[in-house]
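Trainee: Hey, dropping data_22.cif in here, mmCIF, C-alpha atoms:
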data_target
loop_
_atom_site.label_atom_id
_atom_site.label_comp_id
_atom_site.auth_asym_id
_atom_site.auth_seq_id
_atom_site.Cartn_x
_atom_site.Cartn_y
_atom_site.Cartn_z
CA MET A 1 -32.73 32.20 -9.69
CA ASP A 2 -31.90 29.16 -7.57
CA GLN A 3 -34.39 28.06 -4.93
CA SER A 4 -33.35 27.95 -1.28
CA LEU A 5 -32.37 24.49 -0.10
CA PRO A 6 -33.96 22.64 2.82
CA PRO A 7 -31.53 21.93 5.69
CA GLY A 8 -29.42 18.80 5.38
CA LEU A 9 -26.25 17.34 3.92
CA TYR A 10 -25.80 17.42 0.15
CA ILE A 11 -23.17 15.10 -1.37
CA VAL A 12 -22.19 16.84 -4.61
CA ALA A 13 -20.22 15.12 -7.38
CA THR A 14 -17.93 17.58 -9.18
CA PRO A 15 -16.05 17.42 -12.52
CA ILE A 16 -12.94 15.24 -12.70
CA GLY A 17 -11.44 17.44 -15.39
CA ASN A 18 -13.72 19.34 -17.73
CA LEU A 19 -15.72 21.93 -15.78
CA GLY A 20 -18.50 21.57 -18.32
CA ASP A 21 -19.32 18.17 -16.83
CA ILE A 22 -20.95 19.65 -13.74
CA THR A 23 -24.72 19.08 -13.71
CA ALA A 24 -27.22 21.91 -13.52
CA ARG A 25 -28.53 20.48 -10.23
CA ALA A 26 -25.03 20.33 -8.72
CA ALA A 27 -24.30 23.93 -9.75
CA GLY A 28 -27.60 25.11 -8.30
CA THR A 29 -26.96 23.26 -5.04
CA LEU A 30 -23.53 24.85 -4.65
CA ARG A 31 -25.07 28.28 -5.24
CA GLY A 32 -27.86 27.61 -2.76
CA ALA A 33 -25.81 26.01 0.02
CA ASP A 34 -25.20 27.82 3.29
CA ARG A 35 -21.77 26.20 3.65
CA ILE A 36 -19.50 24.06 1.46
CA LEU A 37 -17.19 21.42 2.88
CA ALA A 38 -14.15 21.15 0.62
CA GLU A 39 -11.21 18.75 0.62
CA ASP A 40 -8.91 21.54 -0.62
CA LYS A 41 -10.45 25.02 -0.58
CA ARG A 42 -8.02 26.30 -3.22
CA VAL A 43 -9.17 23.64 -5.70
CA THR A 44 -12.86 24.09 -4.95
CA ALA A 45 -12.61 27.89 -5.19
CA LYS A 46 -12.04 27.56 -8.96
CA LEU A 47 -15.21 25.51 -9.35
CA LEU A 48 -17.26 27.87 -7.19
CA LYS A 49 -16.15 30.81 -9.30
CA HIS A 50 -17.15 28.88 -12.44
CA VAL A 51 -20.71 28.26 -11.20
CA GLY A 52 -21.13 31.57 -9.38
CA ALA A 53 -21.34 30.15 -5.85
CA THR A 54 -20.36 32.38 -2.94
CA ALA A 55 -21.06 30.25 0.14
CA PRO A 56 -18.27 30.11 2.75
CA MET A 57 -16.02 27.05 2.65
CA THR A 58 -14.77 24.85 5.47
CA ALA A 59 -11.90 22.41 4.96
CA TYR A 60 -13.02 18.81 5.51
CA HIS A 61 -10.58 15.99 4.75
CA ASP A 62 -8.94 12.82 6.09
CA HIS A 63 -7.27 14.70 8.91
CA SER A 64 -10.41 16.48 10.16
CA ASP A 65 -11.15 15.66 13.80
CA ASP A 66 -14.29 14.45 15.53
CA ALA A 67 -14.95 17.90 17.01
CA LEU A 68 -15.29 19.46 13.55
CA ARG A 69 -17.62 16.69 12.43
CA GLU A 70 -19.79 17.23 15.50
CA ARG A 71 -20.01 20.97 14.79
CA ILE A 72 -21.04 20.29 11.21
CA VAL A 73 -23.72 17.79 12.25
CA ALA A 74 -25.07 20.30 14.78
CA GLU A 75 -25.62 22.81 11.96
CA LEU A 76 -27.46 20.40 9.66
CA GLY A 77 -30.78 21.00 11.40
CA THR A 78 -30.89 24.61 10.20
CA LYS A 79 -28.41 24.81 7.29
CA ALA A 80 -27.93 23.25 3.87
CA ILE A 81 -24.33 22.03 3.78
CA ALA A 82 -22.71 20.69 0.59
CA LEU A 83 -19.85 18.18 0.68
CA VAL A 84 -17.46 18.09 -2.29
CA SER A 85 -14.11 16.46 -2.99
CA ASP A 86 -11.35 17.88 -5.15
CA ALA A 87 -12.80 16.01 -8.13
CA GLY A 88 -15.43 13.37 -8.76
CA THR A 89 -17.87 11.76 -6.36
CA PRO A 90 -17.24 12.36 -2.63
CA LEU A 91 -16.60 9.29 -0.46
CA ILE A 92 -15.02 7.31 -3.35
CA SER A 93 -11.44 7.14 -2.01
CA ASP A 94 -12.22 10.46 -0.35
CA PRO A 95 -13.30 11.43 3.17
CA GLY A 96 -16.97 11.65 4.03
CA TYR A 97 -18.57 8.38 5.07
CA LYS A 98 -18.18 9.17 8.78
CA LEU A 99 -19.97 12.47 8.26
CA VAL A 100 -22.81 10.78 6.37
CA ARG A 101 -23.13 8.17 9.12
CA ALA A 102 -23.17 10.82 11.85
CA ALA A 103 -25.74 12.92 9.99
CA ARG A 104 -28.07 9.95 9.58
CA ARG A 105 -27.71 8.95 13.22
CA ALA A 106 -28.67 12.49 14.22
CA GLY A 107 -31.79 12.27 12.05
CA HIS A 108 -30.76 14.79 9.40
CA ALA A 109 -31.62 14.56 5.72
CA VAL A 110 -28.82 13.36 3.42
CA HIS A 111 -29.06 13.88 -0.36
CA THR A 112 -26.70 12.76 -3.11
CA LEU A 113 -26.23 14.51 -6.45
CA PRO A 114 -24.82 11.89 -8.85
CA GLY A 115 -22.16 12.86 -11.31
CA PRO A 116 -18.59 12.20 -12.45
CA CYS A 117 -16.54 9.34 -10.96
CA ALA A 118 -13.07 8.50 -12.28
CA ALA A 119 -13.43 4.76 -11.56
CA ILE A 120 -16.61 4.44 -13.62
CA ALA A 121 -15.34 6.70 -16.40
CA ALA A 122 -12.12 4.64 -16.66
CA LEU A 123 -14.09 1.41 -16.97
CA THR A 124 -15.97 2.83 -19.94
CA LEU A 125 -12.71 3.77 -21.64
CA SER A 126 -10.74 0.61 -20.88
CA GLY A 127 -12.27 -1.82 -23.35
CA LEU A 128 -12.26 -4.45 -20.58
CA PRO A 129 -15.30 -6.34 -19.19
CA THR A 130 -17.62 -4.11 -17.18
CA ASP A 131 -20.40 -6.51 -16.18
CA ARG A 132 -18.63 -7.24 -12.87
CA PHE A 133 -15.89 -5.16 -11.26
CA LEU A 134 -14.23 -4.40 -7.95
CA PHE A 135 -13.03 -0.93 -7.04
CA ALA A 136 -9.97 -1.36 -4.82
CA GLY A 137 -8.86 2.26 -4.37
CA PHE A 138 -5.13 2.88 -3.90
CA LEU A 139 -2.77 -0.04 -3.36
CA PRO A 140 -0.54 0.18 -0.25
CA ALA A 141 2.79 1.92 -0.72
CA LYS A 142 4.93 -0.76 0.96
CA ALA A 143 5.81 -3.82 -1.10
CA LYS A 144 4.74 -6.49 1.40
CA ALA A 145 1.38 -4.88 2.14
CA ARG A 146 0.81 -4.26 -1.57
CA ALA A 147 1.48 -7.91 -2.45
CA GLU A 148 -0.90 -9.05 0.30
CA ALA A 149 -3.63 -6.70 -0.91
CA ILE A 150 -3.27 -8.01 -4.47
CA ALA A 151 -3.37 -11.64 -3.29
CA GLU A 152 -6.65 -10.97 -1.46
CA ILE A 153 -8.42 -10.02 -4.69
CA ALA A 154 -6.59 -12.21 -7.19
CA ASP A 155 -9.50 -14.63 -7.56
CA VAL A 156 -12.22 -12.02 -8.05
CA ARG A 157 -14.13 -12.95 -11.21
CA GLY A 158 -14.37 -9.44 -12.54
CA SER A 159 -12.31 -6.45 -13.62
CA LEU A 160 -10.26 -4.67 -10.95
CA VAL A 161 -10.05 -0.88 -10.70
CA PHE A 162 -7.31 1.02 -8.86
CA TYR A 163 -6.35 4.66 -8.41
CA GLU A 164 -2.64 5.47 -8.64
CA SER A 165 -0.18 8.34 -8.84
CA GLY A 166 2.36 8.82 -11.60
CA PRO A 167 5.52 8.20 -9.51
CA ARG A 168 4.13 4.88 -8.19
CA LEU A 169 2.53 3.66 -11.42
CA ALA A 170 5.29 1.40 -12.80
CA GLU A 171 5.94 -0.18 -9.40
CA SER A 172 2.25 -0.91 -8.88
CA LEU A 173 1.89 -2.36 -12.38
CA ALA A 174 4.87 -4.64 -11.79
CA ALA A 175 3.39 -5.81 -8.48
CA LEU A 176 0.06 -6.48 -10.19
CA ALA A 177 1.84 -8.49 -12.88
CA ASP A 178 3.62 -10.55 -10.22
CA GLY A 179 0.42 -11.20 -8.29
CA LEU A 180 -2.10 -11.59 -11.11
CA GLY A 181 -0.07 -12.94 -14.01
CA SER A 182 -0.39 -11.97 -17.66
CA ARG A 183 -3.74 -10.21 -17.63
CA GLY A 184 -4.91 -7.53 -20.01
CA ALA A 185 -5.06 -4.08 -18.47
CA ALA A 186 -5.45 -0.40 -19.23
CA VAL A 187 -3.88 2.75 -17.82
CA ILE A 188 -6.22 5.71 -18.13
CA ARG A 189 -5.19 9.23 -17.18
CA GLU A 190 -6.38 12.82 -17.43
CA ILE A 191 -9.99 11.74 -17.98
CA SER A 192 -12.10 14.43 -19.70
CA LYS A 193 -9.10 16.75 -19.97
CA LEU A 194 -7.20 17.91 -23.05
CA HIS A 195 -4.55 15.18 -22.82
CA GLU A 196 -6.83 12.26 -21.94
CA GLU A 197 -5.07 8.98 -22.70
CA THR A 198 -5.89 5.27 -22.54
CA VAL A 199 -3.08 2.74 -23.02
CA ASN A 200 -3.89 -0.98 -23.23
CA GLY A 201 -1.54 -3.94 -22.86
CA SER A 202 -0.54 -6.74 -20.53
CA LEU A 203 0.37 -5.78 -16.98
CA ALA A 204 4.03 -6.65 -17.62
CA ASP A 205 4.14 -4.61 -20.84
CA LEU A 206 2.55 -1.62 -19.16
CA ALA A 207 4.97 -1.86 -16.23
CA ALA A 208 7.88 -1.80 -18.69
CA ARG A 209 6.37 1.12 -20.62
CA TYR A 210 6.15 3.37 -17.56
CA ALA A 211 9.37 2.27 -15.83
CA GLY A 212 11.55 5.36 -15.54
CA ALA A 213 8.90 7.47 -17.29
CA PRO A 214 6.14 8.27 -14.81
CA PRO A 215 3.20 10.03 -16.48
CA LYS A 216 1.52 13.15 -15.17
CA GLY A 217 -2.06 13.56 -14.11
CA GLU A 218 -4.71 11.56 -12.28
CA ILE A 219 -4.42 7.86 -13.12
CA VAL A 220 -6.74 4.86 -13.05
CA ILE A 221 -5.60 1.27 -13.63
CA VAL A 222 -8.17 -1.25 -14.89
CA VAL A 223 -7.19 -4.93 -14.89
CA GLY A 224 -9.22 -7.53 -16.75
CA PRO A 225 -10.67 -10.58 -14.96
CA PRO A 226 -8.77 -13.87 -14.73
CA SER A 227 -9.13 -16.15 -17.75
CA GLU A 228 -11.76 -18.83 -17.50
CA ARG A 229 -10.54 -22.21 -16.27
CA ALA A 230 -10.49 -24.93 -18.95
CA GLU A 231 -13.43 -27.32 -18.60
CA ALA A 232 -12.50 -30.29 -16.42
CA THR A 233 -12.25 -33.63 -18.23
CA GLY A 234 -14.41 -36.56 -17.26
CA GLU A 235 -11.37 -38.32 -15.86
CA GLU A 236 -10.47 -35.34 -13.65
CA LEU A 237 -14.04 -35.12 -12.40
CA ASP A 238 -14.25 -38.83 -11.62
CA THR A 239 -10.93 -38.85 -9.78
CA ALA A 240 -11.91 -35.87 -7.61
CA LEU A 241 -15.40 -37.26 -6.89
CA ARG A 242 -14.19 -40.74 -5.94
CA GLU A 243 -11.78 -39.25 -3.44
CA ALA A 244 -14.46 -36.95 -1.98
CA LEU A 245 -17.09 -39.70 -1.80
CA HIS A 246 -14.90 -41.69 0.59
CA HIS A 247 -15.79 -39.26 3.38
CA MET A 248 -18.67 -37.09 2.11
CA SER A 249 -22.26 -37.45 0.98
CA PRO A 250 -22.87 -37.18 -2.80
CA SER A 251 -24.36 -33.71 -2.34
CA ARG A 252 -21.43 -32.37 -0.31
CA ALA A 253 -18.86 -34.06 -2.52
CA ALA A 254 -20.46 -32.57 -5.63
CA ALA A 255 -20.49 -29.08 -4.12
CA ASP A 256 -16.83 -29.21 -3.08
CA VAL A 257 -15.59 -30.71 -6.34
CA ALA A 258 -17.66 -28.32 -8.46
CA ALA A 259 -16.12 -25.35 -6.64
CA ALA A 260 -12.60 -26.76 -6.96
CA LEU A 261 -12.87 -27.55 -10.67
CA GLY A 262 -14.96 -24.56 -11.66
CA ILE A 263 -17.78 -26.64 -13.16
CA PRO A 264 -21.56 -26.56 -12.68
CA ARG A 265 -22.67 -28.26 -9.46
CA LYS A 266 -25.45 -30.04 -11.37
CA ARG A 267 -22.89 -31.84 -13.54
CA ALA A 268 -20.83 -32.87 -10.54
CA TYR A 269 -23.88 -34.09 -8.58
CA ALA A 270 -25.25 -36.17 -11.46
CA ARG A 271 -21.88 -37.86 -11.88
CA ALA A 272 -21.54 -38.36 -8.10
CA LEU A 273 -24.86 -40.26 -8.07
CA GLU A 274 -23.73 -42.40 -10.98
CA LEU A 275 -20.46 -43.29 -9.26
CA GLY A 276 -22.29 -44.01 -6.02
CA ALA A 277 -24.76 -46.31 -7.74
CA ALA A 278 -21.94 -48.12 -9.47
CA GLY A 279 -20.44 -48.84 -6.07
#
As structure tokens, what does this structure read like?

Mentor:
Amino acid sequence: MDQSLPPGLYIVATPIGNLGDITARAAGTLRGADRILAEDKRVTAKLLKHVGATAPMTAYHDHSDDALRERIVAELGTKAIALVSDAGTPLISDPGYKLVRAARRAGHAVHTLPGPCAAIAALTLSGLPTDRFLFAGFLPAKAKARAEAIAEIADVRGSLVFYESGPRLAESLAALADGLGSRGAAVIREISKLHEETVNGSLADLAARYAGAPPKGEIVIVVGPPSERAEATGEELDTALREALHHMSPSRAAADVAAALGIPRKRAYARALELGAAG
């Protein structure tokens, strides 16, 4: 039998496909909650039936107003309220951060129950570097805004993760190819479901593959980091340092040149001192 829950807000990660991925703690929290905030009550009803939870549901999503949030926060002093999204971890490209912020400001307890997240799961399937990554959510729908968003993150030295829908996939891949060049990427869909699929290739090749053939299901795009810049030659370093030393100190010149050429600052500074001493 599940124990009663202390009052507060419970952020509950739910399966992104396979219902068996729900944790025992998450299932117990849903059964013990006084109320469940659901993005789409029809979707969440299936999960609640699976775990045997009977708490009443309230719709909470991007279009929920401030008045509803205030009513929820007012109840947190006496009730255990669970927040779920349709799938995965709430607040990751889903509504919820305003509620968490309001609950904390009001002095209520906020708990998180870690679990499935499509962005993290896709990274593990992609075969691309995972030591550094940026989750960028959904790209804008309009071409100009999409190109600007891609340009803003083009120089990030890590893998890039995006959510996308089937009908927009090819267009987004083509825009990524235009903005990022010939990078390796992966399209991952239907994670943990029967038809889970990971397709690797260059951005341009993937855009061509899905043009006119939009896939079904929930989709994640993972793009590999930019290739490392070739090591600057001694001649390139000297030319850049001599120009910088005309109007900068050796330390400042070394810092600026190192950043521009993508080399260690120590190398640039040592050479700047040598050039300075040589006159």

Trainee: Any idea what the distance is between atom CA of A:Tyr210 and atom CA of A:Thr124?

Mentor: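 Atom CA of A:Thr124 lies at a distance of 22.3 Å from atom CA of A:Tyr210.
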
Trainee: Counting only C-alpha atoms, find residues at most 10 Å from (4.6, -2.1, -19.2) (file frame) and give them as a PyMOL selection string.

Mentor: chain A and resi 169-170+173-174+177+185+187+199-211

Trainee: Using all atoms listed in the file, find the one residue out of A:Asp155, A:Asp62, A:Asp34, A:Asp40 that sits nearest to A:Gly8.

Mentor: A:Asp34

Trainee: Which value, in Å to one decimal, gives the distance between atom CA of A:Tyr163 and atom CA of A:Ile221?

Mentor: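 Separation of atom CA of A:Tyr163 and atom CA of A:Ile221: 6.3 Å.
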
Trainee: Here is a test: counting all atoms listed in the file, which residue of A:His195, A:Arg69, A:Lys46, A:His111 is nearest to A:Ile11?

Mentor: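 Using all atoms listed in the file, the shortest distance to A:Ile11 belongs to A:His111.
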
Trainee: Kindly give the distance, in Å, that separates atom CA of A:Gly234 and atom CA of A:Met248, rounded to a single decimal.

Mentor: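 Computing it gives 19.8 Å between the two atoms.
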
Trainee: Which residues would end up in the selection if the PyMOL selection byres ((chain A and resi 190) around 6) were applied here, given that I need the answer as a list in words?

Mentor: Arg189, Ile191, Lys193, Glu196, Gly217 and Glu218 of chain A

Trainee: Just write the chosen residues, C-alpha atoms, as a PDB file, in the coordinates of the input.

Mentor:
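Final output, saved to out-v9.pdb:
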ATOM      1  CA  ARG A 189      -5.190   9.230 -17.180  1.00  0.00           C
ATOM      2  CA  ILE A 191      -9.990  11.740 -17.980  1.00  0.00           C
ATOM      3  CA  LYS A 193      -9.100  16.750 -19.970  1.00  0.00           C
ATOM      4  CA  GLU A 196      -6.830  12.260 -21.940  1.00  0.00           C
ATOM      5  CA  GLY A 217      -2.060  13.560 -14.110  1.00  0.00           C
ATOM      6  CA  GLU A 218      -4.710  11.560 -12.280  1.00  0.00           C
TER       7      GLU A 218
END

Trainee: Select, counting all atoms listed in the file, all protein, DNA and RNA residues no farther than 12 Å from (-15.6, 30.0, -7.5) in file coordinates, and express the selection as a ChimeraX atom specification.

Mentor: /A:19,27,30-31,36,41-57

Trainee: Selected residues, C-alpha atoms, written as a compact mmCIF listing (two decimals), in the coordinates of the input, please.

Mentor:
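Output below, filename again_24.txt:
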# COMPACT_ATOMS: atom_id res chain seq x y z
CA LEU A 19 -15.72 21.93 -15.78
CA ALA A 27 -24.30 23.93 -9.75
CA LEU A 30 -23.53 24.85 -4.65
CA ARG A 31 -25.07 28.28 -5.24
CA ILE A 36 -19.50 24.06 1.46
CA LYS A 41 -10.45 25.02 -0.58
CA ARG A 42 -8.02 26.30 -3.22
CA VAL A 43 -9.17 23.64 -5.70
CA THR A 44 -12.86 24.09 -4.95
CA ALA A 45 -12.61 27.89 -5.19
CA LYS A 46 -12.04 27.56 -8.96
CA LEU A 47 -15.21 25.51 -9.35
CA LEU A 48 -17.26 27.87 -7.19
CA LYS A 49 -16.15 30.81 -9.30
CA HIS A 50 -17.15 28.88 -12.44
CA VAL A 51 -20.71 28.26 -11.20
CA GLY A 52 -21.13 31.57 -9.38
CA ALA A 53 -21.34 30.15 -5.85
CA THR A 54 -20.36 32.38 -2.94
CA ALA A 55 -21.06 30.25 0.14
CA PRO A 56 -18.27 30.11 2.75
CA MET A 57 -16.02 27.05 2.65

Trainee: Tell me which of A:Gly88, A:Gly212, A:Pro6, A:Pro95 sits closest to A:Gly166, counting all atoms listed in the file.

Mentor: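 Of A:Gly88, A:Gly212, A:Pro6, A:Pro95, the one nearest A:Gly166 is A:Gly212, counting all atoms listed in the file.
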
Trainee: Kindly compute an axis-aligned box around the listed atoms of stretch 57-72 of chain A, allowing 4 Å on each side, and express its centre and edge lengths in Å to one decimal as AutoDock Vina command-line options.

Mentor:
--center_x -14.2 --center_y 19.9 --center_z 9.8 --size_x 21.8 --size_y 22.2 --size_z 22.4

Trainee: Which residues fall under the PyMOL selection byres ((chain A and resi 115) around 8) in this file, as a list in words?

Mentor: Val12, Ala13, Thr14, Pro15, Ile22, Thr23, Gly88, Thr89, Leu113, Pro114, Pro116 and Cys117 of chain A

Trainee: Taking all atoms listed in the file into account, name the residue in A:Glu75, A:Glu70, A:Asp86, A:Glu171 that is nearest to A:Leu99.

Mentor: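 When distances to A:Leu99 are compared using all atoms listed in the file, the smallest one comes from A:Glu70.
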
Trainee: Residue by residue, what does the PyMOL selection byres ((chain A and resi 154) around 9) grab here? Present the result as a PyMOL selection string.

Mentor: chain A and resi 149-153+155-157+179-180+225-226

Trainee: Given all atoms listed in the file as the basis, pick out the residue of A:Ala102, A:Leu125, A:Leu275, A:Ala270 nearest to A:Arg71.

Mentor: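 For A:Arg71, the nearest of the candidates is A:Ala102.
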
Trainee: Near stretch 136-138 of chain A, within 9 Å and counting only C-alpha atoms, which residues show up once chain neighbours fewer than 2 positions away are dropped, as a compact mmCIF listing (two decimals) with C-alpha atoms, in the frame of the given file?

Mentor:
# COMPACT_ATOMS: atom_id res chain seq x y z
CA ILE A 92 -15.02 7.31 -3.35
CA SER A 93 -11.44 7.14 -2.01
CA ALA A 119 -13.43 4.76 -11.56
CA LEU A 134 -14.23 -4.40 -7.95
CA PRO A 140 -0.54 0.18 -0.25
CA ALA A 141 2.79 1.92 -0.72
CA ILE A 153 -8.42 -10.02 -4.69
CA LEU A 160 -10.26 -4.67 -10.95
CA VAL A 161 -10.05 -0.88 -10.70
CA PHE A 162 -7.31 1.02 -8.86
CA TYR A 163 -6.35 4.66 -8.41
CA GLU A 164 -2.64 5.47 -8.64
CA SER A 165 -0.18 8.34 -8.84
